[in-house]
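Student: Below is the file run-v4.txt, which contains compact mmCIF, C-alpha atoms and all ligand atoms.
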```
# COMPACT_ATOMS: atom_id res chain seq x y z
CA MET A 1 -21.72 1.77 -5.35
CA ARG A 2 -22.04 0.12 -8.69
CA ARG A 3 -18.98 1.93 -9.96
CA LYS A 4 -17.11 0.60 -7.01
CA LEU A 5 -18.18 -2.90 -7.91
CA ASN A 6 -16.88 -2.46 -11.43
CA HIS A 7 -13.70 -1.20 -9.94
CA TYR A 8 -13.18 -4.27 -7.82
CA THR A 9 -14.13 -6.69 -10.56
CA SER A 10 -11.45 -5.02 -12.63
CA ILE A 11 -8.91 -5.74 -9.98
CA SER A 12 -10.02 -9.33 -9.68
CA ARG A 13 -9.11 -10.21 -13.24
CA SER A 14 -5.78 -10.60 -11.66
CA PHE A 15 -6.10 -14.32 -11.26
CA LEU A 16 -4.92 -14.62 -14.83
CA MET A 17 -2.28 -12.06 -14.14
CA PHE A 18 -1.12 -14.07 -11.15
CA ILE A 19 -0.59 -17.16 -13.26
CA LEU A 20 1.10 -15.17 -15.97
CA ILE A 21 3.53 -13.63 -13.59
CA LEU A 22 4.59 -17.03 -12.35
CA VAL A 23 5.29 -18.01 -15.93
CA LEU A 24 7.09 -14.76 -16.62
CA SER A 25 9.40 -15.04 -13.73
CA ALA A 26 10.46 -18.45 -14.97
CA ALA A 27 11.64 -17.35 -18.41
CA GLY A 28 14.54 -15.14 -17.47
CA GLN A 29 16.51 -15.74 -20.67
CA ALA A 30 15.20 -12.94 -22.83
CA SER A 31 18.30 -10.87 -22.16
CA THR A 32 20.44 -13.12 -24.39
CA PHE A 33 18.26 -12.49 -27.45
CA ASP A 34 15.71 -9.98 -28.66
CA VAL A 35 12.65 -10.93 -30.68
CA SER A 36 11.65 -8.34 -33.28
CA LYS A 37 8.85 -10.11 -35.14
CA TYR A 38 6.33 -12.91 -34.90
CA VAL A 39 4.51 -14.12 -38.02
CA ALA A 40 1.81 -16.57 -37.04
CA LYS A 41 -0.95 -18.64 -38.56
CA ILE A 42 -3.39 -19.61 -35.85
CA GLU A 43 -6.52 -21.72 -36.02
CA PRO A 44 -8.64 -22.08 -32.89
CA ASP A 45 -10.96 -25.11 -32.74
CA LEU A 46 -14.27 -24.14 -31.12
CA ILE A 47 -15.48 -27.68 -30.53
CA ASN A 48 -12.33 -29.07 -28.94
CA LYS A 49 -11.31 -25.77 -27.30
CA SER A 50 -7.88 -26.22 -28.78
CA VAL A 51 -5.55 -24.35 -31.07
CA LYS A 52 -3.09 -25.25 -33.79
CA GLY A 53 -0.62 -22.95 -35.37
CA ASP A 54 2.76 -22.15 -36.69
CA VAL A 55 4.84 -19.13 -35.82
CA LEU A 56 7.97 -17.70 -37.33
CA VAL A 57 10.06 -16.01 -34.63
CA ARG A 58 12.66 -13.50 -35.83
CA PHE A 59 15.22 -12.64 -33.20
CA SER A 60 18.72 -11.25 -32.90
CA SER A 61 21.42 -12.51 -30.60
CA LEU A 62 22.53 -10.15 -27.84
CA LYS A 63 25.82 -12.00 -27.27
CA ASN A 64 28.51 -13.85 -29.14
CA GLY A 65 28.13 -17.62 -29.22
CA LEU A 66 24.41 -17.90 -28.53
CA THR A 67 23.50 -21.57 -28.96
CA GLU A 68 20.15 -21.83 -27.22
CA ILE A 69 17.05 -19.74 -26.65
CA THR A 70 14.13 -20.25 -24.30
CA LEU A 71 10.55 -19.24 -25.05
CA ASN A 72 7.43 -19.43 -22.94
CA ALA A 73 5.02 -21.98 -24.39
CA GLY A 74 2.36 -22.75 -21.77
CA VAL A 75 1.23 -26.36 -22.14
CA LEU A 76 1.42 -26.32 -25.94
CA SER A 77 2.69 -29.43 -27.72
CA ILE A 78 5.48 -28.68 -30.14
CA ASP A 79 5.37 -30.68 -33.37
CA ALA A 80 8.54 -29.36 -35.01
CA ILE A 81 10.98 -26.45 -34.96
CA LYS A 82 12.93 -25.55 -38.08
CA GLU A 83 15.45 -23.08 -39.34
CA ASN A 84 15.54 -23.02 -43.15
CA ALA A 85 13.81 -26.39 -43.36
CA VAL A 86 16.39 -27.97 -41.01
CA ASN A 87 14.90 -29.49 -37.86
CA LEU A 88 16.18 -28.08 -34.58
CA LYS A 89 16.33 -29.95 -31.28
CA PHE A 90 14.10 -28.72 -28.48
CA GLN A 91 12.87 -29.59 -25.03
CA CYS A 92 9.66 -28.59 -23.23
CA LYS A 93 9.69 -28.44 -19.46
CA ASP A 94 7.75 -26.38 -16.91
CA LYS A 95 6.04 -24.34 -19.65
CA LEU A 96 9.40 -23.37 -21.10
CA LEU A 97 10.55 -24.31 -24.57
CA LYS A 98 14.34 -24.66 -24.89
CA ILE A 99 15.54 -24.61 -28.47
CA GLN A 100 19.04 -25.65 -29.58
CA LEU A 101 20.11 -23.42 -32.43
CA GLY A 102 21.70 -24.99 -35.51
CA ARG A 103 24.90 -22.94 -35.06
CA PRO A 104 26.31 -20.44 -32.55
CA LEU A 105 25.08 -16.94 -33.36
CA LYS A 106 27.28 -13.86 -33.29
CA GLN A 107 26.20 -10.74 -31.44
CA ASN A 108 23.45 -8.93 -33.43
CA GLU A 109 23.09 -11.85 -35.85
CA ILE A 110 19.49 -12.34 -36.91
CA CYS A 111 17.85 -15.74 -36.98
CA ASN A 112 14.40 -16.94 -38.07
CA ILE A 113 12.93 -20.12 -36.66
CA SER A 114 9.54 -21.67 -37.35
CA ILE A 115 7.60 -23.49 -34.68
CA ILE A 116 4.70 -25.79 -35.52
CA TYR A 117 2.48 -26.57 -32.56
CA HIS A 118 -0.94 -27.49 -31.22
CA GLY A 119 -2.60 -27.74 -27.84
CA VAL A 120 -5.32 -26.89 -25.39
CA PRO A 121 -4.64 -23.56 -23.65
CA GLU A 122 -5.16 -23.74 -19.89
CA TYR A 123 -6.22 -20.09 -19.88
CA GLY A 124 -5.53 -17.04 -22.04
CA MET A 125 -8.01 -18.12 -24.70
CA GLU A 126 -11.75 -18.35 -24.09
CA PHE A 127 -14.02 -20.59 -26.20
CA PHE A 128 -17.82 -20.33 -26.42
CA SER A 129 -18.88 -22.97 -28.93
CA ALA A 130 -22.63 -22.23 -28.89
CA GLN A 131 -21.97 -18.61 -29.87
CA ASN A 132 -19.11 -19.43 -32.28
CA GLN A 133 -16.99 -17.11 -30.14
CA VAL A 134 -13.30 -17.18 -29.29
CA TYR A 135 -11.17 -14.47 -27.74
CA THR A 136 -7.77 -14.19 -26.14
CA GLU A 137 -7.19 -12.79 -22.69
CA PHE A 138 -3.74 -11.90 -21.49
CA SER A 139 -1.45 -14.89 -21.65
CA THR A 140 -0.15 -15.11 -25.21
CA SER A 141 2.24 -18.00 -24.53
CA GLN A 142 -0.78 -20.19 -23.83
CA TRP A 143 -1.71 -20.06 -27.51
CA MET A 144 1.57 -19.16 -29.23
CA PRO A 145 5.17 -19.77 -28.15
CA CYS A 146 6.74 -16.37 -27.45
CA VAL A 147 8.77 -14.34 -24.97
CA ASP A 148 6.42 -13.33 -22.15
CA ASP A 149 8.42 -10.29 -21.09
CA PRO A 150 6.97 -6.76 -21.09
CA ASN A 151 10.40 -5.43 -22.03
CA ASP A 152 10.63 -7.39 -25.31
CA ARG A 153 8.60 -5.57 -27.97
CA ALA A 154 7.91 -7.08 -31.35
CA VAL A 155 5.69 -6.58 -34.37
CA PHE A 156 3.03 -9.18 -35.08
CA LEU A 157 1.60 -10.44 -38.36
CA LEU A 158 -1.31 -12.77 -37.73
CA ASN A 159 -3.15 -15.00 -40.18
CA LEU A 160 -6.24 -15.95 -38.20
CA ILE A 161 -8.21 -18.92 -39.51
CA SER A 162 -11.89 -18.86 -38.51
CA PRO A 163 -15.19 -20.43 -39.57
CA ASP A 164 -17.02 -18.62 -42.37
CA GLY A 165 -19.56 -15.88 -41.63
CA LEU A 166 -18.01 -14.52 -38.42
CA LYS A 167 -16.60 -11.12 -37.54
CA THR A 168 -12.94 -11.03 -36.51
CA ILE A 169 -10.67 -8.59 -34.75
CA GLY A 170 -6.90 -8.56 -34.28
CA ASN A 171 -4.04 -6.18 -33.53
CA GLY A 172 -3.34 -3.20 -35.73
CA ARG A 173 -4.43 -3.06 -39.36
CA LEU A 174 -6.69 -5.43 -41.26
CA VAL A 175 -4.57 -6.41 -44.27
CA SER A 176 -6.84 -8.83 -46.12
CA GLN A 177 -9.54 -11.41 -45.80
CA SER A 178 -10.11 -14.38 -48.08
CA LYS A 179 -12.07 -17.59 -48.23
CA LEU A 180 -10.02 -20.78 -48.27
CA ALA A 181 -10.66 -23.92 -50.35
CA ASP A 182 -12.01 -25.71 -47.27
CA GLY A 183 -14.61 -22.99 -46.68
CA LYS A 184 -12.81 -21.39 -43.73
CA VAL A 185 -11.77 -17.76 -43.72
CA SER A 186 -8.24 -16.38 -43.47
CA THR A 187 -7.96 -12.87 -42.01
CA ILE A 188 -4.59 -11.16 -41.86
CA TRP A 189 -3.85 -8.55 -39.19
CA GLU A 190 -0.68 -6.55 -38.94
CA GLN A 191 0.60 -4.80 -35.81
CA LYS A 192 3.30 -2.51 -37.15
CA ASN A 193 4.27 -0.77 -33.91
CA PRO A 194 6.32 -3.12 -31.76
CA VAL A 195 4.44 -4.01 -28.56
CA PRO A 196 5.01 -6.50 -25.71
CA THR A 197 3.55 -9.93 -26.49
CA TYR A 198 1.03 -9.75 -23.62
CA LEU A 199 -0.84 -7.25 -25.81
CA PHE A 200 -1.15 -9.65 -28.76
CA GLY A 201 -4.62 -11.02 -29.25
CA PHE A 202 -7.63 -11.63 -31.42
CA ALA A 203 -11.30 -12.55 -31.32
CA PHE A 204 -13.94 -13.89 -33.63
CA GLY A 205 -17.63 -14.51 -33.18
CA ASP A 206 -21.13 -14.18 -34.52
CA PHE A 207 -21.00 -10.50 -33.62
CA ARG A 208 -23.10 -7.54 -34.58
CA GLU A 209 -20.81 -4.74 -35.65
CA SER A 210 -21.10 -1.00 -35.56
CA VAL A 211 -18.43 1.18 -37.16
CA VAL A 212 -17.95 4.84 -36.27
CA LYS A 213 -15.40 7.27 -37.72
CA HIS A 214 -13.78 9.74 -35.35
CA GLY A 215 -11.26 12.01 -37.05
CA ARG A 216 -8.49 9.77 -38.37
CA THR A 217 -9.53 6.80 -36.22
CA THR A 218 -12.14 4.15 -36.96
CA PHE A 219 -13.94 2.66 -33.98
CA ARG A 220 -15.27 -0.88 -34.28
CA TYR A 221 -17.85 -2.03 -31.73
CA LEU A 222 -18.63 -5.76 -31.69
CA ALA A 223 -21.14 -7.61 -29.53
CA ASP A 224 -23.55 -10.49 -29.37
CA LYS A 225 -26.59 -9.99 -31.63
CA SER A 226 -28.85 -9.41 -28.63
CA PHE A 227 -27.41 -5.88 -28.77
CA SER A 228 -28.76 -3.66 -31.57
CA GLU A 229 -26.49 -1.40 -33.60
CA ASN A 230 -28.04 1.50 -31.76
CA ASP A 231 -27.24 -0.12 -28.39
CA LEU A 232 -23.60 -0.38 -29.45
CA LYS A 233 -23.46 3.26 -30.47
CA ASN A 234 -24.95 4.23 -27.10
CA ILE A 235 -22.71 1.99 -25.01
CA PHE A 236 -19.57 3.31 -26.69
CA ARG A 237 -20.66 6.86 -27.44
CA ASP A 238 -17.98 8.42 -25.23
CA THR A 239 -15.12 6.64 -27.04
CA GLY A 240 -14.31 9.63 -29.27
CA ASP A 241 -14.35 11.99 -26.31
CA MET A 242 -12.06 9.63 -24.38
CA LEU A 243 -9.63 9.48 -27.30
CA ASP A 244 -9.52 13.28 -27.54
CA PHE A 245 -9.05 13.55 -23.77
CA TYR A 246 -6.21 11.01 -23.59
CA GLU A 247 -4.46 12.44 -26.64
CA SER A 248 -4.56 15.90 -25.09
CA LYS A 249 -3.21 14.67 -21.74
CA ALA A 250 -0.58 12.36 -23.28
CA GLY A 251 0.51 14.74 -25.99
CA VAL A 252 0.70 11.65 -28.18
CA LYS A 253 -1.79 10.59 -30.85
CA TYR A 254 -3.53 7.26 -30.65
CA PRO A 255 -1.14 5.11 -32.75
CA ASP A 256 -3.39 2.79 -34.74
CA GLU A 257 -5.92 3.26 -37.53
CA THR A 258 -8.67 1.51 -35.59
CA TYR A 259 -9.69 0.96 -32.00
CA GLY A 260 -12.00 -1.96 -31.36
CA GLN A 261 -14.15 -2.77 -28.36
CA ILE A 262 -15.87 -6.11 -28.11
CA LEU A 263 -18.48 -7.22 -25.63
CA ALA A 264 -17.49 -10.85 -25.18
CA MET A 265 -19.05 -13.76 -23.33
CA GLY A 266 -17.84 -14.47 -19.81
CA GLY A 267 -16.01 -11.85 -17.80
CA ALA A 268 -13.60 -10.36 -20.34
CA LYS A 269 -11.72 -7.28 -19.11
CA GLN A 270 -8.56 -7.03 -21.09
CA GLU A 271 -6.73 -4.40 -23.05
CA MET A 272 -4.81 -5.56 -26.10
CA SER A 273 -2.98 -3.62 -28.75
CA SER A 274 -5.58 -1.56 -30.68
CA PHE A 275 -8.59 -3.25 -29.10
CA THR A 276 -10.17 -4.19 -25.80
CA ALA A 277 -12.29 -7.15 -24.76
CA LEU A 278 -15.07 -6.11 -22.40
CA ASN A 279 -18.11 -8.14 -21.43
CA ASP A 280 -21.87 -8.31 -22.03
CA GLU A 281 -22.64 -7.23 -18.48
CA TYR A 282 -20.58 -4.08 -18.98
CA GLY A 283 -22.66 -3.19 -22.04
CA ARG A 284 -25.97 -3.75 -20.26
CA SER A 285 -24.87 -1.68 -17.24
CA VAL A 286 -23.85 1.26 -19.43
CA LEU A 287 -27.18 1.12 -21.26
CA LYS A 288 -28.91 1.53 -17.90
CA ASN A 289 -26.56 4.17 -16.50
CA GLU A 290 -24.11 6.26 -18.52
CA LYS A 291 -21.75 6.51 -15.54
CA GLU A 292 -21.04 2.77 -15.60
CA ILE A 293 -18.23 3.24 -18.11
CA TRP A 294 -15.38 2.84 -15.60
CA LEU A 295 -13.97 -0.31 -17.19
CA GLY A 296 -14.09 0.99 -20.75
CA VAL A 297 -12.37 4.20 -19.65
CA HIS A 298 -9.67 2.31 -17.76
CA GLU A 299 -8.93 -0.12 -20.59
CA PHE A 300 -8.76 2.64 -23.20
CA ALA A 301 -6.26 4.54 -21.02
CA HIS A 302 -3.95 1.53 -21.38
CA GLN A 303 -3.50 2.26 -25.09
CA TRP A 304 -1.21 5.07 -23.81
CA TRP A 305 -0.19 4.02 -20.29
CA GLY A 306 0.61 0.31 -20.47
CA ASN A 307 0.66 -0.38 -24.19
CA MET A 308 2.66 2.64 -25.40
CA VAL A 309 4.65 3.36 -22.22
CA THR A 310 5.17 -0.04 -20.57
CA ASN A 311 6.58 -1.09 -17.22
CA ARG A 312 10.03 -2.56 -17.81
CA SER A 313 9.30 -5.39 -15.41
CA TRP A 314 6.20 -6.37 -13.44
CA THR A 315 7.74 -5.00 -10.23
CA ASP A 316 6.83 -1.55 -11.63
CA PHE A 317 3.35 -2.69 -12.64
CA TRP A 318 1.85 0.33 -10.84
CA LEU A 319 3.09 2.49 -13.73
CA ASN A 320 0.64 0.56 -15.97
CA GLU A 321 -2.27 0.09 -13.61
CA GLY A 322 -2.00 2.94 -11.11
CA ILE A 323 -1.68 5.51 -13.88
CA ALA A 324 -4.53 3.90 -15.89
CA ASN A 325 -6.72 3.99 -12.75
CA PHE A 326 -5.81 7.62 -12.12
CA MET A 327 -6.52 8.53 -15.76
CA THR A 328 -9.93 6.89 -15.41
CA ALA A 329 -10.72 9.26 -12.53
CA ALA A 330 -9.35 12.17 -14.56
CA TYR A 331 -11.65 11.26 -17.45
CA PHE A 332 -14.60 11.07 -15.04
CA GLU A 333 -13.70 14.57 -13.91
CA HIS A 334 -13.70 15.79 -17.51
CA ARG A 335 -16.92 13.96 -18.39
CA PHE A 336 -19.03 14.16 -15.23
CA GLY A 337 -17.42 16.88 -13.10
CA HIS A 338 -14.96 17.34 -10.24
CA ASP A 339 -17.15 15.59 -7.63
CA GLU A 340 -17.00 12.39 -9.68
CA TYR A 341 -13.21 12.65 -9.75
CA LEU A 342 -13.11 13.02 -5.98
CA LEU A 343 -15.44 10.06 -5.58
CA GLN A 344 -13.14 7.86 -7.66
CA ILE A 345 -10.04 9.02 -5.79
CA ASP A 346 -11.82 8.41 -2.49
CA ASN A 347 -12.57 4.84 -3.58
CA TYR A 348 -8.88 4.28 -4.38
CA LYS A 349 -7.82 5.85 -1.09
CA LYS A 350 -10.22 3.74 0.98
CA SER A 351 -9.12 0.59 -0.79
CA TYR A 352 -5.47 1.44 -0.08
CA GLU A 353 -6.19 2.29 3.57
CA GLU A 354 -7.94 -1.04 4.10
CA VAL A 355 -4.83 -2.84 2.91
CA ARG A 356 -2.56 -0.61 4.98
CA ASP A 357 -4.69 -1.00 8.12
CA ALA A 358 -4.56 -4.77 7.71
CA GLY A 359 -0.77 -4.44 7.91
CA HIS A 360 -0.25 -5.39 4.27
CA ASP A 361 1.14 -2.16 2.84
CA LYS A 362 4.13 -2.46 0.50
CA SER A 363 6.19 -0.12 -1.59
CA LEU A 364 4.71 0.53 -5.04
CA VAL A 365 7.93 -0.77 -6.54
CA PHE A 366 7.46 -4.35 -5.49
CA PRO A 367 10.48 -6.24 -4.21
CA GLU A 368 9.27 -9.09 -6.39
CA TRP A 369 6.04 -9.95 -8.20
CA ASN A 370 5.96 -13.74 -8.05
CA LYS A 371 2.90 -14.58 -6.04
CA PRO A 372 0.86 -11.38 -5.75
CA THR A 373 -2.06 -11.49 -3.34
CA ARG A 374 -5.37 -9.65 -3.81
CA ASP A 375 -4.02 -6.96 -1.47
CA ASP A 376 -0.85 -6.64 -3.54
CA ARG A 377 -3.00 -5.97 -6.58
CA ARG A 378 -5.08 -3.40 -4.71
CA LEU A 379 -1.84 -1.60 -3.89
CA VAL A 380 -0.73 -1.56 -7.51
CA TYR A 381 -4.12 -0.41 -8.85
CA ASP A 382 -5.52 1.72 -6.03
CA LYS A 383 -2.60 2.96 -3.97
CA GLY A 384 -0.91 3.58 -7.33
CA ALA A 385 -3.78 5.78 -8.54
CA TYR A 386 -4.05 7.55 -5.17
CA VAL A 387 -0.33 8.35 -5.24
CA VAL A 388 -0.63 9.83 -8.73
CA HIS A 389 -3.46 11.98 -7.36
CA LEU A 390 -1.25 13.08 -4.42
CA LEU A 391 1.45 13.98 -6.91
CA ARG A 392 -1.08 16.11 -8.78
CA GLU A 393 -1.85 17.92 -5.50
CA GLU A 394 1.85 18.29 -4.74
CA LEU A 395 2.80 19.76 -8.11
CA GLY A 396 -0.30 21.74 -9.06
CA GLU A 397 -2.24 21.47 -12.32
CA GLU A 398 0.20 22.96 -14.76
CA ALA A 399 3.37 21.18 -13.70
CA PHE A 400 1.60 17.87 -13.11
CA TRP A 401 0.04 17.65 -16.57
CA LYS A 402 3.20 18.95 -18.19
CA GLY A 403 5.05 16.09 -16.47
CA ILE A 404 2.52 13.48 -17.63
CA LYS A 405 2.96 14.77 -21.17
CA LYS A 406 6.77 14.77 -21.04
CA TYR A 407 6.82 11.27 -19.55
CA THR A 408 4.42 9.88 -22.18
CA GLN A 409 6.12 11.60 -25.10
CA LYS A 410 9.62 10.64 -24.03
CA TYR A 411 8.87 6.98 -23.35
CA ARG A 412 6.41 6.33 -26.16
CA GLY A 413 7.21 2.81 -27.47
CA LYS A 414 9.65 2.21 -24.62
CA SER A 415 9.90 0.55 -21.24
CA VAL A 416 9.97 2.49 -17.99
CA ASP A 417 10.62 2.17 -14.30
CA SER A 418 9.65 4.41 -11.40
CA LYS A 419 12.85 6.46 -11.62
CA ASP A 420 11.98 7.43 -15.21
CA PHE A 421 8.57 8.64 -14.05
CA GLN A 422 10.08 10.55 -11.11
CA LYS A 423 12.66 12.21 -13.37
CA GLU A 424 10.11 13.51 -15.86
CA MET A 425 7.83 14.84 -13.12
CA GLU A 426 10.84 16.57 -11.52
CA SER A 427 11.97 18.05 -14.79
CA ALA A 428 8.47 19.39 -15.57
CA SER A 429 7.99 20.94 -12.15
CA GLY A 430 11.55 21.96 -11.28
CA LYS A 431 10.97 20.28 -7.89
CA LYS A 432 13.03 17.53 -6.28
CA LEU A 433 10.66 14.69 -5.56
CA ASN A 434 12.98 12.36 -3.64
CA ASP A 435 11.03 12.72 -0.40
CA PHE A 436 7.69 12.17 -2.11
CA PHE A 437 8.86 9.11 -4.05
CA ASP A 438 10.75 7.68 -1.07
CA LYS A 439 7.61 7.89 1.03
CA TRP A 440 5.01 6.76 -1.50
CA VAL A 441 6.80 4.69 -4.13
CA TYR A 442 10.03 3.16 -2.81
CA SER A 443 8.99 2.46 0.79
CA HIS A 444 5.76 1.94 2.70
CA SER A 445 4.07 2.77 5.98
ZN ZN B 501 -5.68 -2.22 -16.28
```
Output the structure of this file as structure tokens.
Ligand SMILES: [Zn+2]
Tutor:
Amino acid sequence: MRRKLNHYTSISRSFLMFILILVLSAAGQASTFDVSKYVAKIEPDLINKSVKGDVLVRFSSLKNGLTEITLNAGVLSIDAIKENAVNLKFQCKDKLLKIQLGRPLKQNEICNISIIYHGVPEYGMEFFSAQNQVYTEFSTSQWMPCVDDPNDRAVFLLNLISPDGLKTIGNGRLVSQSKLADGKVSTIWEQKNPVPTYLFGFAFGDFRESVVKHGRTTFRYLADKSFSENDLKNIFRDTGDMLDFYESKAGVKYPDETYGQILAMGGAKQEMSSFTALNDEYGRSVLKNEKEIWLGVHEFAHQWWGNMVTNRSWTDFWLNEGIANFMTAAYFEHRFGHDEYLLQIDNYKKSYEEVRDAGHDKSLVFPEWNKPTRDDRRLVYDKGAYVVHLLREELGEEAFWKGIKKYTQKYRGKSVDSKDFQKEMESASGKKLNDFFDKWVYSHS
């Protein structure tokens, strides 16, 4: 029962997702340019719950004569935009930032612009002043102008400015940390593998930290000081086993040097590149019952399915969430036995059937993803996972897992749609899956 609760709370984080999707659908201009790198200096203000920063955006033009680009920028106030110290004209409207370039760009021409900004994020960044804690959650454009499109991958170099004496976490590799003249601390993080911007993030806080080595990977566990170091080791003790399990199923190594898990204030449930924000309640539940790890298992699965292999657009969101939900059940099978797998799958199935019986079934490839309802999200997460389970039954163990491996290996660092998934599962099994996909993925009951 408890596991089921975790499961549904995971789905309900979707309020943020809902807002994000609205923003995403508005951008629509990413196809005229491609961002390859963001270099940002970001300073959150705990007292005022605000942020100030500057970001260098490196992009290339995808057409001849590009004179304007549009970024997502939430409700941030833009102070100035420059290219080589020359001010550029811009306009902010409906959370979009339109920038007039200084000259028309040729196809493939690279341009660097710097944006100086400040503001109060509406969501996407959580502030807990009493605990000196800040963390990001999902909507990057709320705290840094960027392209909110899962199909636009970029590297990220972040100089995070925080108060002294706090632990920090960011994407990828910790490059350096130094104390500034004003007593604040600058920590530089570098994400070398290009990832979609929704996976950018960071956190700092008065955390207790526990560090565990597992093969070539370092695990960092961070939580409020009410947790002892031993608590942290217990809460996250399956992390190494999960990593081994996912690597073996994906046929792809975990890509970063570290994987961090933080137990944050509030209801954090968010995967980011190379770390995940979970919540205090999650930690306390796992301490009481080792089977309460559903959320941690699900979020870690995203480091492969979601972060590494990413849905090209949100209409194929089930490839992120349905597969991550299925992999969670598969890990439960590995860790706790086949009955636990069946229990998880049964939960997904029941959830799907409730939606279907209410007359709200839809194809897994959504016609559009502009205003998803709670039932829409249950379809993506739960029907999605159930359908992956049915595919496992259809293909048998060997062909199914071979297909998962081929799909993950082939599309590592790339964007996918449902046809890509179908093709790899067909190629691994030698079976035509048109009927299966037509019934379960492209149409609905
Ligand atoms: Zn997820």
Student: Using only C-alpha atoms, which protein or nucleic acid residues come within 8 Å of segment 184-200 of chain A? Drop anything in the same chain fewer than 4 positions from it, and give the result as a ChimeraX atom specification.
Tutor: /A:36,138-140,146-164,168,170-180,271-273,307-308,413
Student: Write out as an NGL selection string which residues come within 8 Å of Gly102 of chain A when counting all atoms listed in the file, dropping same-chain ones fewer than 5 positions away.
Tutor: :A and (67 or 83 or 88)
Student: To one decimal place in Å, what is the distance between atom CA of Tyr386 of chain A and atom CA of Asp361 of chain A?
Tutor: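 Atom-to-atom, atom CA of Tyr386 of chain A to atom CA of Asp361 of chain A, that is 13.6 Å.
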Student: Which is closer to ligand ZN 501 (chain B) than all the others in A:Arg392, A:Lys405, A:His298, A:Lys362, using only C-alpha atoms and all ligand atoms?
Tutor: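 Looking at the shortest contact to ligand ZN 501 (chain B), the residue is A:His298.
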Student: From the set A:Glu393, A:Glu340, A:Asp435, A:Glu299, which residue has the shortest atom-to-atom contact distance to ligand ZN 501 (chain B), counting only C-alpha atoms and all ligand atoms?
Tutor: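 Looking at the shortest contact to ligand ZN 501 (chain B), the residue is A:Glu299.
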Student: Output as a Markdown table one row per residue of chain A within 10 Å of ligand ZN 501 (chain B): the closest atom pair and its distance in Å to one decimal place, counting only C-alpha atoms and all ligand atoms, sorted by chain and residue number ascending.
Tutor:
```
| residue | atom | partner | partner_atom | distance |
| --- | --- | --- | --- | --- |
| A:Ser10 | CA | B:ZN501 | ZN | 7.4 |
| A:Ile11 | CA | B:ZN501 | ZN | 7.9 |
| A:Arg13 | CA | B:ZN501 | ZN | 9.2 |
| A:Ser14 | CA | B:ZN501 | ZN | 9.6 |
| A:Lys269 | CA | B:ZN501 | ZN | 8.4 |
| A:Gln270 | CA | B:ZN501 | ZN | 7.4 |
| A:Glu271 | CA | B:ZN501 | ZN | 7.2 |
| A:Leu295 | CA | B:ZN501 | ZN | 8.6 |
| A:Val297 | CA | B:ZN501 | ZN | 9.9 |
| A:His298 | CA | B:ZN501 | ZN | 6.2 |
| A:Glu299 | CA | B:ZN501 | ZN | 5.8 |
| A:Phe300 | CA | B:ZN501 | ZN | 9.0 |
| A:Ala301 | CA | B:ZN501 | ZN | 8.3 |
| A:His302 | CA | B:ZN501 | ZN | 6.6 |
| A:Trp305 | CA | B:ZN501 | ZN | 9.2 |
| A:Gly306 | CA | B:ZN501 | ZN | 8.0 |
| A:Phe317 | CA | B:ZN501 | ZN | 9.7 |
| A:Trp318 | CA | B:ZN501 | ZN | 9.6 |
| A:Asn320 | CA | B:ZN501 | ZN | 6.9 |
| A:Glu321 | CA | B:ZN501 | ZN | 4.9 |
| A:Gly322 | CA | B:ZN501 | ZN | 8.2 |
| A:Ile323 | CA | B:ZN501 | ZN | 9.0 |
| A:Ala324 | CA | B:ZN501 | ZN | 6.2 |
| A:Asn325 | CA | B:ZN501 | ZN | 7.2 |
| A:Tyr381 | CA | B:ZN501 | ZN | 7.8 |
```
Student: From the set A:Phe59, A:Trp401, A:Tyr135, A:Tyr352, which residue has the shortest atom-to-atom contact distance to Gly205 of chain A, counting only C-alpha atoms?
Tutor: A:Tyr135
Student: Please indicate the distance in Å from atom CA of Glu354 of chain A to atom CA of Val387 of chain A, rounded to one decimal place.
Tutor: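 So the answer is 15.3 Å.
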Student: Here is a test: counting all atoms listed in the file, which residue of A:Val416, A:Leu66, A:Cys111, A:Ala428 is nearest to Thr310 of chain A?
Tutor: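 Closest to Thr310 of chain A, using all atoms listed in the file: A:Val416.
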Student: For Thr70 of chain A, find every residue with an atom within 7 Å (counting only C-alpha atoms), except residues of its own chain fewer than 2 positions away, and show them as an MDAnalysis selection string.
Tutor: chainID A and resid 29 68 72 96:99
Student: What does the structure give for the distance between atom CA of Thr315 of chain A and atom CA of Tyr331 of chain A, in Å to one decimal?
Tutor: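 Atom CA of Thr315 of chain A sits 26.3 Å away from atom CA of Tyr331 of chain A.
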Student: Can you tell me, as a PyMOL selection string, what residues are no more than 12 Å from segment 249-252 of chain A when counting only C-alpha atoms, ignoring any on the same chain fewer than 4 positions away?
Tutor: chain A and resi 242-245+256+301-305+308-309+323-324+327+330-331+334+397-398+400-413
Student: Restricting the calculation to all atoms listed in the file, which member of A:Gly74, A:Gly215, A:Gly119, A:Gly65 is positioned closest to Lys106 of chain A?
Tutor: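 Residue with the minimum atom-to-atom distance to Lys106 of chain A: A:Gly65.
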Student: Residues within 12 Å of Ala73 of chain A, please, as number ranges by chain. Count only C-alpha atoms; anything in the same chain fewer than 6 positions from it doesn't count.
Tutor: A: 20, 23-24, 26-27, 55, 91-99, 115-122, 124, 139-148
